[in-house]
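Next comes protein12.csv, a file with CSV, C-alpha atoms.
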chain,number,residue,atom,x,y,z
A,1,MET,CA,-43.7,-5.9,-19.9
A,2,ILE,CA,-43.0,-9.6,-20.6
A,3,HIS,CA,-44.8,-12.4,-18.9
A,4,HIS,CA,-43.9,-16.0,-18.0
A,5,ARG,CA,-45.7,-18.8,-16.3
A,6,VAL,CA,-42.8,-19.5,-13.8
A,7,VAL,CA,-40.0,-17.0,-13.1
A,8,VAL,CA,-37.0,-18.2,-11.1
A,9,VAL,CA,-34.8,-15.5,-9.5
A,10,GLY,CA,-31.3,-16.8,-9.2
A,11,GLY,CA,-29.2,-19.0,-11.5
A,12,GLY,CA,-27.3,-20.9,-8.8
A,13,ASN,CA,-27.7,-24.5,-7.6
A,14,ALA,CA,-31.2,-23.8,-6.3
A,15,GLY,CA,-32.5,-21.9,-9.3
A,16,LEU,CA,-31.2,-24.1,-12.1
A,17,SER,CA,-32.1,-27.4,-10.4
A,18,VAL,CA,-35.7,-26.4,-9.6
A,19,ALA,CA,-36.1,-24.8,-13.1
A,20,GLY,CA,-34.8,-28.0,-14.7
A,21,ARG,CA,-37.2,-30.2,-12.6
A,22,LEU,CA,-40.2,-28.0,-13.5
A,23,HIS,CA,-39.4,-28.1,-17.2
A,24,ARG,CA,-38.9,-31.9,-17.1
A,25,LYS,CA,-42.3,-32.3,-15.5
A,26,GLY,CA,-44.1,-30.4,-18.2
A,27,VAL,CA,-44.0,-26.7,-17.3
A,28,ASP,CA,-43.1,-25.3,-20.7
A,29,ASP,CA,-42.6,-21.6,-19.8
A,30,VAL,CA,-39.8,-21.4,-17.1
A,31,VAL,CA,-37.2,-18.6,-17.1
A,32,VAL,CA,-34.3,-17.9,-14.8
A,33,ILE,CA,-33.1,-14.4,-14.0
A,34,GLU,CA,-29.4,-14.4,-13.5
A,35,PRO,CA,-26.8,-11.7,-14.3
A,36,ARG,CA,-23.6,-13.7,-14.1
A,37,GLU,CA,-22.0,-15.2,-17.1
A,38,GLU,CA,-20.2,-17.9,-15.1
A,39,HIS,CA,-21.6,-20.6,-12.8
A,40,ARG,CA,-19.6,-21.6,-9.8
A,41,PHE,CA,-19.6,-24.8,-7.8
A,42,GLN,CA,-18.8,-23.6,-4.3
A,43,PRO,CA,-18.3,-27.0,-2.5
A,44,LEU,CA,-15.0,-27.4,-4.3
A,45,PHE,CA,-13.7,-24.0,-3.0
A,46,SER,CA,-12.6,-25.8,0.2
A,47,HIS,CA,-10.7,-28.4,-1.8
A,48,VAL,CA,-9.0,-25.6,-3.8
A,49,ALA,CA,-8.0,-23.7,-0.6
A,50,GLY,CA,-6.7,-27.0,0.8
A,51,GLY,CA,-4.6,-27.8,-2.2
A,52,ARG,CA,-6.7,-30.7,-3.5
A,53,ALA,CA,-8.4,-29.2,-6.6
A,54,ARG,CA,-7.8,-26.5,-9.2
A,55,LEU,CA,-9.8,-23.3,-9.3
A,56,SER,CA,-10.7,-24.0,-12.9
A,57,MET,CA,-12.7,-27.0,-11.8
A,58,THR,CA,-15.2,-24.8,-9.9
A,59,VAL,CA,-16.5,-22.7,-12.8
A,60,ARG,CA,-18.2,-23.2,-16.1
A,61,PRO,CA,-20.1,-20.8,-18.5
A,62,GLN,CA,-23.6,-20.2,-17.2
A,63,ALA,CA,-24.9,-21.1,-20.7
A,64,GLU,CA,-23.5,-24.6,-20.3
A,65,ALA,CA,-25.0,-25.0,-16.8
A,66,MET,CA,-28.6,-23.9,-17.9
A,67,PRO,CA,-31.1,-26.8,-18.1
A,68,SER,CA,-32.3,-27.6,-21.6
A,69,GLY,CA,-35.6,-25.8,-22.5
A,70,VAL,CA,-35.3,-23.2,-19.7
A,71,GLY,CA,-35.1,-19.6,-20.6
A,72,TRP,CA,-32.5,-17.2,-19.3
A,73,ILE,CA,-32.9,-13.5,-18.7
A,74,ARG,CA,-29.4,-12.1,-18.3
A,75,ASP,CA,-30.1,-9.3,-15.8
A,76,ALA,CA,-30.1,-8.5,-12.1
A,77,VAL,CA,-33.2,-8.1,-9.9
A,78,ASP,CA,-33.8,-4.7,-8.3
A,79,ASP,CA,-37.2,-5.3,-6.7
A,80,ILE,CA,-40.1,-7.7,-6.4
A,81,ASP,CA,-43.7,-6.6,-6.1
A,82,PRO,CA,-45.7,-9.6,-5.0
A,83,GLU,CA,-49.0,-7.7,-4.9
A,84,ARG,CA,-48.6,-6.9,-8.6
A,85,ALA,CA,-46.8,-10.2,-9.4
A,86,THR,CA,-43.9,-8.4,-11.1
A,87,VAL,CA,-40.1,-8.4,-10.9
A,88,THR,CA,-38.2,-5.2,-11.7
A,89,LEU,CA,-34.8,-5.7,-13.3
A,90,ALA,CA,-31.7,-3.5,-13.1
A,91,SER,CA,-32.1,-2.6,-16.7
A,92,GLY,CA,-35.5,-1.0,-15.9
A,93,ARG,CA,-37.5,-3.8,-17.6
A,94,SER,CA,-40.4,-5.6,-15.7
A,95,VAL,CA,-41.2,-9.2,-15.8
A,96,ALA,CA,-44.7,-10.5,-14.8
A,97,TYR,CA,-45.3,-14.0,-13.5
A,98,ASP,CA,-47.9,-16.5,-12.6
A,99,HIS,CA,-45.6,-18.1,-10.1
A,100,LEU,CA,-42.3,-16.8,-8.7
A,101,VAL,CA,-39.4,-18.9,-7.2
A,102,VAL,CA,-37.0,-16.7,-5.2
A,103,CYS,CA,-33.6,-18.2,-4.7
A,104,PRO,CA,-30.9,-15.5,-5.2
A,105,GLY,CA,-28.6,-17.1,-2.6
A,106,ILE,CA,-27.0,-15.3,0.3
A,107,GLN,CA,-24.6,-12.4,0.6
A,108,LEU,CA,-21.3,-12.1,2.5
A,109,ASP,CA,-21.5,-9.2,5.0
A,110,TRP,CA,-17.8,-8.1,5.2
A,111,ASP,CA,-18.7,-4.8,6.9
A,112,ARG,CA,-20.5,-6.4,9.9
A,113,ILE,CA,-17.1,-7.1,11.6
A,114,PRO,CA,-15.1,-3.9,12.1
A,115,GLY,CA,-11.9,-3.8,10.1
A,116,LEU,CA,-12.6,-7.0,8.1
A,117,ALA,CA,-13.4,-5.3,4.8
A,118,ALA,CA,-10.1,-3.5,4.9
A,119,ALA,CA,-8.2,-6.5,6.3
A,120,ILE,CA,-9.3,-8.8,3.5
A,121,ARG,CA,-7.2,-6.7,1.1
A,122,THR,CA,-4.0,-7.2,3.1
A,123,PRO,CA,-1.5,-10.0,2.1
A,124,GLU,CA,-2.2,-12.2,5.1
A,125,VAL,CA,-6.0,-12.4,5.1
A,126,ALA,CA,-8.1,-14.6,2.7
A,127,SER,CA,-11.4,-16.4,2.5
A,128,HIS,CA,-12.3,-19.6,0.7
A,129,TYR,CA,-15.9,-18.4,0.6
A,130,GLU,CA,-15.1,-15.9,-2.1
A,131,TYR,CA,-14.2,-17.1,-5.6
A,132,GLU,CA,-11.7,-14.2,-6.1
A,133,LEU,CA,-10.0,-15.1,-2.8
A,134,VAL,CA,-9.8,-18.9,-2.9
A,135,SER,CA,-6.4,-19.0,-4.7
A,136,LYS,CA,-5.0,-16.5,-2.2
A,137,ALA,CA,-6.1,-18.8,0.6
A,138,SER,CA,-4.5,-21.8,-1.0
A,139,ARG,CA,-1.2,-20.0,-1.5
A,140,LEU,CA,-1.1,-18.6,2.1
A,141,LEU,CA,-1.8,-22.0,3.6
A,142,ARG,CA,0.6,-23.9,1.3
A,143,GLU,CA,3.5,-21.5,1.9
A,144,LEU,CA,3.1,-21.2,5.6
A,145,ARG,CA,6.0,-22.9,7.5
A,146,ARG,CA,5.7,-21.4,11.0
A,147,GLY,CA,3.6,-19.0,13.0
A,148,THR,CA,-0.1,-18.7,13.9
A,149,VAL,CA,-3.0,-19.3,11.5
A,150,VAL,CA,-6.6,-18.5,12.6
A,151,PHE,CA,-9.7,-20.0,11.0
A,152,THR,CA,-13.1,-18.5,11.7
A,153,GLN,CA,-16.6,-19.9,11.4
A,154,PRO,CA,-19.5,-17.4,11.1
A,155,PRO,CA,-22.6,-17.3,13.2
A,156,GLY,CA,-25.8,-18.6,11.5
A,157,PRO,CA,-27.6,-18.3,9.3
A,158,ALA,CA,-24.8,-19.1,6.8
A,159,LYS,CA,-24.3,-21.3,3.8
A,160,CYS,CA,-22.8,-24.6,4.9
A,161,ALA,CA,-21.2,-22.9,8.0
A,162,GLY,CA,-19.2,-26.1,8.7
A,163,ALA,CA,-17.3,-25.7,5.4
A,164,ALA,CA,-15.4,-23.0,7.3
A,165,GLN,CA,-13.5,-25.8,8.9
A,166,LYS,CA,-12.6,-27.9,5.9
A,167,PRO,CA,-9.4,-26.1,4.6
A,168,MET,CA,-8.1,-26.2,8.2
A,169,TYR,CA,-8.1,-30.0,8.3
A,170,LEU,CA,-6.7,-30.2,4.8
A,171,ALA,CA,-3.9,-27.7,5.6
A,172,CYS,CA,-3.0,-29.5,8.9
A,173,ASP,CA,-2.7,-32.8,7.1
A,174,TYR,CA,-0.4,-31.1,4.5
A,175,TRP,CA,1.7,-29.4,7.2
A,176,ARG,CA,2.0,-32.8,9.0
A,177,ALA,CA,3.1,-34.5,5.8
A,178,THR,CA,5.7,-31.8,5.1
A,179,GLY,CA,7.0,-31.8,8.7
A,180,VAL,CA,6.0,-28.3,9.8
A,181,LEU,CA,2.8,-28.8,11.7
A,182,GLY,CA,4.7,-28.7,15.0
A,183,ASP,CA,5.8,-25.2,14.2
A,184,ILE,CA,2.4,-23.8,13.4
A,185,ARG,CA,-0.2,-22.7,16.0
A,186,VAL,CA,-3.7,-23.4,14.6
A,187,VAL,CA,-6.7,-21.7,16.1
A,188,MET,CA,-10.3,-22.4,15.1
A,189,ILE,CA,-13.1,-19.9,16.2
A,190,VAL,CA,-16.5,-21.5,16.4
A,191,PRO,CA,-19.6,-19.6,17.6
A,192,ASP,CA,-21.5,-22.7,18.8
A,193,PRO,CA,-21.2,-24.7,22.1
A,194,THR,CA,-19.4,-27.6,20.3
A,195,VAL,CA,-17.5,-28.0,17.1
A,196,PHE,CA,-20.7,-29.1,15.2
A,197,GLY,CA,-23.6,-29.9,17.5
A,198,ILE,CA,-24.3,-33.6,17.1
A,199,PRO,CA,-22.5,-35.9,19.5
A,200,GLU,CA,-21.5,-38.5,17.0
A,201,ILE,CA,-20.1,-35.9,14.6
A,202,ASP,CA,-18.5,-33.9,17.5
A,203,ARG,CA,-16.5,-37.0,18.5
A,204,GLU,CA,-15.1,-37.6,15.0
A,205,LEU,CA,-14.1,-34.0,14.6
A,206,GLU,CA,-12.7,-33.6,18.1
A,207,ARG,CA,-10.5,-36.7,17.5
A,208,LYS,CA,-9.0,-35.0,14.4
A,209,ILE,CA,-8.7,-31.7,16.2
A,210,ALA,CA,-6.7,-33.4,18.9
A,211,GLU,CA,-4.7,-35.3,16.3
A,212,TYR,CA,-3.6,-32.1,14.6
A,213,GLY,CA,-3.2,-30.1,17.9
A,214,ILE,CA,-5.7,-27.5,16.9
A,215,GLU,CA,-6.9,-24.9,19.5
A,216,LEU,CA,-10.7,-25.0,19.4
A,217,ARG,CA,-12.4,-22.0,20.7
A,218,CYS,CA,-16.1,-22.7,21.0
A,219,GLU,CA,-18.8,-20.1,21.9
A,220,THR,CA,-16.4,-17.5,20.5
A,221,GLU,CA,-16.9,-14.8,17.9
A,222,VAL,CA,-14.7,-12.4,15.9
A,223,ARG,CA,-15.2,-8.9,17.1
A,224,SER,CA,-12.8,-7.0,15.0
A,225,VAL,CA,-9.8,-7.4,12.7
A,226,ASP,CA,-6.8,-5.1,12.3
A,227,GLY,CA,-5.1,-5.9,9.1
A,228,GLU,CA,-2.3,-3.4,9.5
A,229,HIS,CA,-1.1,-5.0,12.7
A,230,ARG,CA,-2.2,-8.5,11.9
A,231,THR,CA,-4.4,-9.0,14.9
A,232,VAL,CA,-7.9,-10.3,15.4
A,233,GLU,CA,-10.0,-9.5,18.4
A,234,ILE,CA,-12.2,-12.4,19.7
A,235,GLY,CA,-14.5,-12.9,22.6
A,236,SER,CA,-17.3,-15.0,24.1
A,237,THR,CA,-20.6,-15.0,22.3
A,238,ARG,CA,-22.1,-14.3,25.7
A,239,GLY,CA,-20.2,-11.1,26.1
A,240,GLY,CA,-17.3,-10.2,28.4
A,241,PRO,CA,-13.7,-9.2,27.8
A,242,ALA,CA,-12.0,-9.6,24.4
A,243,GLU,CA,-8.7,-11.4,23.6
A,244,THR,CA,-6.4,-10.3,20.9
A,245,LEU,CA,-4.6,-12.9,18.7
A,246,ARG,CA,-1.8,-12.0,16.4
A,247,TYR,CA,-1.9,-14.0,13.2
A,248,ASP,CA,0.4,-14.8,10.3
A,249,VAL,CA,-2.5,-16.1,8.3
A,250,LEU,CA,-6.2,-15.4,8.8
A,251,ASN,CA,-8.8,-17.4,6.8
A,252,VAL,CA,-12.1,-15.8,7.6
A,253,VAL,CA,-15.7,-16.5,6.8
A,254,PRO,CA,-17.8,-13.4,7.3
A,255,PRO,CA,-21.4,-13.2,8.7
A,256,GLN,CA,-24.1,-13.6,6.0
A,257,SER,CA,-27.6,-12.4,5.2
A,258,ALA,CA,-30.1,-12.3,2.4
A,259,PRO,CA,-29.2,-9.9,-0.5
A,260,ASP,CA,-29.9,-6.2,0.4
A,261,TRP,CA,-32.4,-5.8,-2.4
A,262,LEU,CA,-34.4,-8.7,-1.1
A,263,LYS,CA,-34.5,-7.3,2.4
A,264,SER,CA,-36.3,-4.2,1.1
A,265,THR,CA,-39.2,-6.1,-0.4
A,266,SER,CA,-42.3,-7.4,1.4
A,267,LEU,CA,-41.2,-11.0,1.1
A,268,PRO,CA,-39.3,-11.4,4.4
A,269,ALA,CA,-41.2,-11.7,7.6
A,270,PRO,CA,-41.8,-8.4,9.4
A,271,GLY,CA,-38.9,-7.7,11.7
A,272,ASP,CA,-36.6,-10.3,10.2
A,273,ALA,CA,-33.2,-8.5,10.1
A,274,GLY,CA,-31.7,-11.3,8.0
A,275,GLY,CA,-34.2,-10.6,5.2
A,276,PHE,CA,-35.0,-14.2,4.3
A,277,VAL,CA,-38.1,-15.1,2.4
A,278,GLU,CA,-41.0,-16.0,4.7
A,279,VAL,CA,-42.1,-19.5,3.6
A,280,ASP,CA,-43.7,-22.5,5.2
A,281,PRO,CA,-40.6,-24.5,6.0
A,282,GLU,CA,-42.2,-27.7,4.9
A,283,THR,CA,-44.1,-26.8,1.7
A,284,LEU,CA,-41.7,-23.9,0.8
A,285,ARG,CA,-44.6,-21.7,-0.3
A,286,HIS,CA,-44.8,-18.1,0.9
A,287,VAL,CA,-47.1,-17.7,3.9
A,288,ARG,CA,-48.7,-14.5,2.6
A,289,PHE,CA,-48.3,-14.7,-1.2
A,290,PRO,CA,-49.5,-18.1,-2.5
A,291,ASN,CA,-47.9,-17.7,-5.9
A,292,VAL,CA,-44.4,-17.0,-4.4
A,293,TRP,CA,-42.0,-19.8,-3.4
A,294,SER,CA,-38.5,-19.9,-2.1
A,295,LEU,CA,-35.7,-22.4,-1.3
A,296,GLY,CA,-32.0,-22.5,-0.6
A,297,ASP,CA,-30.0,-19.9,1.2
A,298,ALA,CA,-32.5,-17.1,0.8
A,299,ALA,CA,-35.4,-19.0,2.3
A,300,ALA,CA,-36.4,-18.7,6.0
A,301,THR,CA,-36.4,-22.4,6.6
A,302,ARG,CA,-35.2,-24.2,9.8
A,303,ASN,CA,-32.6,-26.4,8.2
A,304,SER,CA,-28.8,-25.8,8.0
A,305,LYS,CA,-28.2,-24.2,4.6
A,306,SER,CA,-26.3,-26.5,2.2
A,307,GLY,CA,-26.3,-27.9,-1.3
A,308,GLY,CA,-27.5,-31.3,0.1
A,309,ALA,CA,-30.5,-29.6,1.6
A,310,LEU,CA,-31.2,-28.1,-1.8
A,311,ARG,CA,-31.5,-31.5,-3.5
A,312,LYS,CA,-34.4,-32.3,-1.1
A,313,GLN,CA,-36.0,-28.9,-1.4
A,314,THR,CA,-36.0,-28.8,-5.2
A,315,LYS,CA,-38.0,-32.0,-5.3
A,316,VAL,CA,-40.5,-30.7,-2.7
A,317,LEU,CA,-41.0,-27.3,-4.3
A,318,ALA,CA,-41.4,-28.7,-7.8
A,319,GLU,CA,-44.0,-31.2,-6.7
A,320,ASN,CA,-45.9,-28.6,-4.7
A,321,LEU,CA,-45.8,-25.9,-7.4
A,322,LEU,CA,-47.0,-28.4,-10.0
A,323,ALA,CA,-49.9,-29.4,-7.7
A,324,VAL,CA,-51.0,-25.8,-7.5
A,325,LEU,CA,-50.7,-25.4,-11.2
A,326,HIS,CA,-53.1,-28.3,-11.5
A,327,GLY,CA,-55.6,-26.9,-9.0
A,328,ARG,CA,-54.5,-29.0,-6.0
A,329,GLU,CA,-53.1,-28.0,-2.6
A,330,PRO,CA,-49.4,-28.6,-1.8
A,331,ALA,CA,-49.0,-32.0,-0.2
A,332,THR,CA,-45.3,-32.8,-0.3
A,333,ARG,CA,-43.2,-31.9,2.8
A,334,TYR,CA,-39.5,-31.1,3.2
A,335,ASN,CA,-38.2,-32.9,6.2
A,336,GLY,CA,-35.3,-30.5,7.1
A,337,TYR,CA,-32.6,-32.7,5.7
A,338,SER,CA,-29.1,-31.2,5.3
A,339,VAL,CA,-25.6,-32.6,4.9
A,340,CYS,CA,-22.0,-31.4,5.5
A,341,PRO,CA,-19.1,-33.5,4.3
A,342,PHE,CA,-16.1,-32.5,6.5
A,343,THR,CA,-12.8,-33.1,4.7
A,344,VAL,CA,-10.8,-34.1,7.8
A,345,SER,CA,-7.7,-35.1,5.9
A,346,ARG,CA,-6.4,-35.0,2.3
A,347,SER,CA,-8.1,-38.4,1.6
A,348,THR,CA,-10.9,-38.9,4.2
A,349,VAL,CA,-14.3,-37.3,5.0
A,350,VAL,CA,-16.7,-37.3,7.9
A,351,PHE,CA,-20.1,-37.3,6.2
A,352,ALA,CA,-22.6,-35.5,8.4
A,353,GLU,CA,-26.3,-36.0,7.4
A,354,PHE,CA,-28.9,-34.5,9.8
A,355,ASP,CA,-32.3,-32.8,10.0
A,356,ASP,CA,-33.4,-29.4,11.2
A,357,ARG,CA,-33.3,-30.6,14.9
A,358,TYR,CA,-29.7,-31.8,14.5
A,359,ARG,CA,-30.6,-35.4,14.6
A,360,LEU,CA,-28.6,-37.8,12.4
A,361,LYS,CA,-30.6,-38.6,9.2
A,362,PRO,CA,-28.5,-40.9,7.0
A,363,THR,CA,-29.5,-41.4,3.4
A,364,ILE,CA,-28.8,-45.1,3.8
A,365,PRO,CA,-30.7,-45.8,7.0
A,366,PHE,CA,-29.1,-49.2,7.7
A,367,TRP,CA,-25.6,-47.8,7.4
A,368,LYS,CA,-25.4,-46.4,10.9
A,369,THR,CA,-21.7,-45.6,10.8
A,370,LEU,CA,-21.6,-43.6,7.6
A,371,SER,CA,-20.8,-40.5,9.6
A,372,ARG,CA,-17.4,-41.9,10.6
A,373,GLU,CA,-14.2,-40.8,8.9
A,374,ARG,CA,-14.0,-42.7,5.6
A,375,ARG,CA,-12.0,-42.8,2.4
A,376,LEU,CA,-15.1,-43.8,0.5
A,377,SER,CA,-16.8,-40.6,1.6
A,378,TRP,CA,-13.8,-38.7,0.2
A,379,VAL,CA,-14.1,-40.3,-3.2
A,380,PHE,CA,-17.8,-39.4,-3.3
A,381,ASP,CA,-17.3,-35.8,-2.1
A,382,ARG,CA,-14.3,-35.0,-4.2
A,383,HIS,CA,-14.8,-37.0,-7.4
A,384,ILE,CA,-18.4,-38.2,-7.8
A,385,LEU,CA,-20.4,-35.3,-6.5
A,386,PRO,CA,-18.9,-32.7,-8.9
A,387,TRP,CA,-19.8,-34.8,-11.9
A,388,VAL,CA,-23.3,-35.4,-10.5
A,389,TYR,CA,-23.7,-31.6,-9.9
A,390,TRP,CA,-22.7,-30.5,-13.4
A,391,HIS,CA,-24.5,-33.2,-15.3
A,392,MET,CA,-27.5,-34.1,-13.2
A,393,ILE,CA,-28.4,-31.8,-10.3
A,394,LEU,CA,-28.3,-28.6,-12.4
A,395,LYS,CA,-30.4,-30.3,-15.1
A,396,GLY,CA,-33.1,-31.2,-12.6
A,397,ARG,CA,-32.4,-34.9,-12.9
A,398,ALA,CA,-31.0,-35.7,-9.4
Just give me the structure of the file as structure tokens.
Amino acid sequence: MIHHRVVVVGGGNAGLSVAGRLHRKGVDDVVVIEPREEHRFQPLFSHVAGGRARLSMTVRPQAEAMPSGVGWIRDAVDDIDPERATVTLASGRSVAYDHLVVCPGIQLDWDRIPGLAAAIRTPEVASHYEYELVSKASRLLRELRRGTVVFTQPPGPAKCAGAAQKPMYLACDYWRATGVLGDIRVVMIVPDPTVFGIPEIDRELERKIAEYGIELRCETEVRSVDGEHRTVEIGSTRGGPAETLRYDVLNVVPPQSAPDWLKSTSLPAPGDAGGFVEVDPETLRHVRFPNVWSLGDAAATRNSKSGGALRKQTKVLAENLLAVLHGREPATRYNGYSVCPFTVSRSTVVFAEFDDRYRLKPTIPFWKTLSRERRLSWVFDRHILPWVYWHMILKGRA
């Protein structure tokens, strides 16, 4: 059995950025467990599906993404035993730790909607949440000239659930520019009472929805999909009769939960069907195992899950873990910040920054109108953020 001072489970945004921060702050024995050979930048998937970025821009070798000085165990995790402070790998090896950071991300549960797993393999159904399906989504939206297209947003918890809407706005702007928007019926399925949940953001998005002629179905869920007959059954989240829509294109985002292997450990709260790691939502320390920490999509925090939330969480977790390593109690608090940049056209973005109670929380407090549709926000989201991600965030420097 090998032993490390800090073991990080997951080599995505959360895992690499927190590992990089810890190493830069003097922790000289940090390893990341990650089986994938490629690292993917998911925020660009929406731009790829909407025809504003190439798929190749979203992926780099995992070795290039790794922070300098951080070790890499190229294996998958099968189990975690917090009582024995060990991680069991798919290869059969075991890794012991002084402290464990659990951030393996979230899984897409295709089987939770009857018929969806089969329908996703049909020619008319795609999802920009899956790397292997993003190009398919882009082609379907680009080639559509008439008919009905349905976009779906999953119920929470989900990773950046609002990103389900982004390709819709990009596609509508493209169809308008090419003169076919009037021949296309666009339906958006949203499980929440409003399109987002914050009045200021709702107003901006509803204005674009009206501009494009989108049919917005709030408090609505997908109940089943029939790929053979190209139909999707929808209904109220409160129950009641179902409605069947026939589609020419379906871009679907499935329900999500913690990875199955994580659900079977003792890290989630008893009775938590989602399987997320039970942490103090402010310190990000496990409530029962003091040498276990979690952040990102796999953590049972109150915030909306997003990459922007991770930037705040990595700082908090790194500071608190360092405090414990030096014999102090965690004192830094995560304030629930999250962000969702809505690409509402092919050149503008509505930049939604908010906390875990869905109150606006702008990074620049005196800029009260930053959440309005802006070209500047597009430049940041499409061009600046990807560079910052690859060169600073993943290295623990931002």
message: Using all atoms listed in the file, can you tell me which of A:Pro167, A:Gly69, A:Gly15, A:Gly275 comes closest to Asp28 of chain A?
response: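 Looking at the shortest contact to Asp28 of chain A, the residue is A:Gly69.
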message: When you look at segment 133-147 of chain A with a cut-off of 10 Å (counting only C-alpha atoms), what residues show up, excluding the ones that are within fewer than 6 positions of it in the same chain? I need them as a VMD selection string.
response: chain A and resid 45 to 52 54 to 55 120 to 121 123 to 127 167 to 168 170 to 172 174 to 175 178 to 186 246 to 252
field: Between atom CA of Ser236 of chain A and atom CA of Ala161 of chain A, distance in Å (one decimal)
entry: 18.4 Å
message: I'd like to know which of A:Arg217, A:Ala323, A:Asn303, A:Ala269 is closest to Arg288 of chain A, using all atoms listed in the file.
response: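 Among the listed residues, the smallest separation from Arg288 of chain A belongs to A:Ala269.
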field: Residue with smallest distance to Val87 of chain A - pool A:Ala53, A:Leu376, A:Leu44, A:Val32, counting all atoms listed in the file
entry: A:Val32
- request: Just give me the residues with any atom within 7 Å of (-21.4, -28.2, -15.1), file coordinates, counting only C-alpha atoms, written as a ChimeraX atom specification.
  value: /A:60,64-65,389-391
message: Between atom CA of Ala76 of chain A and atom CA of Leu108 of chain A, what distance in Å does the model show, to one decimal?
response: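 Separation between atom CA of Ala76 of chain A and atom CA of Leu108 of chain A: 17.4 Å.
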task: Would you list the residues near (-21.9, -21.0, -14.5) (no more than 9 Å away, in the coordinates of the file, using all atoms listed in the file) as a PyMOL selection string?
output: chain A and resi 11-12+36-41+58-66
field: Nearest-residue call for Ile364 of chain A, choices A:Val102, A:Phe351, A:Ile73, A:His3, using all atoms listed in the file
entry: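 When distances to Ile364 of chain A are compared using all atoms listed in the file, the smallest one comes from A:Phe351.
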query: Just how far from atom CA of Gly156 of chain A is atom CA of Gln256 of chain A, in Å to one decimal?
result: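 Result for atom CA of Gln256 of chain A versus atom CA of Gly156 of chain A: 7.6 Å, one decimal.
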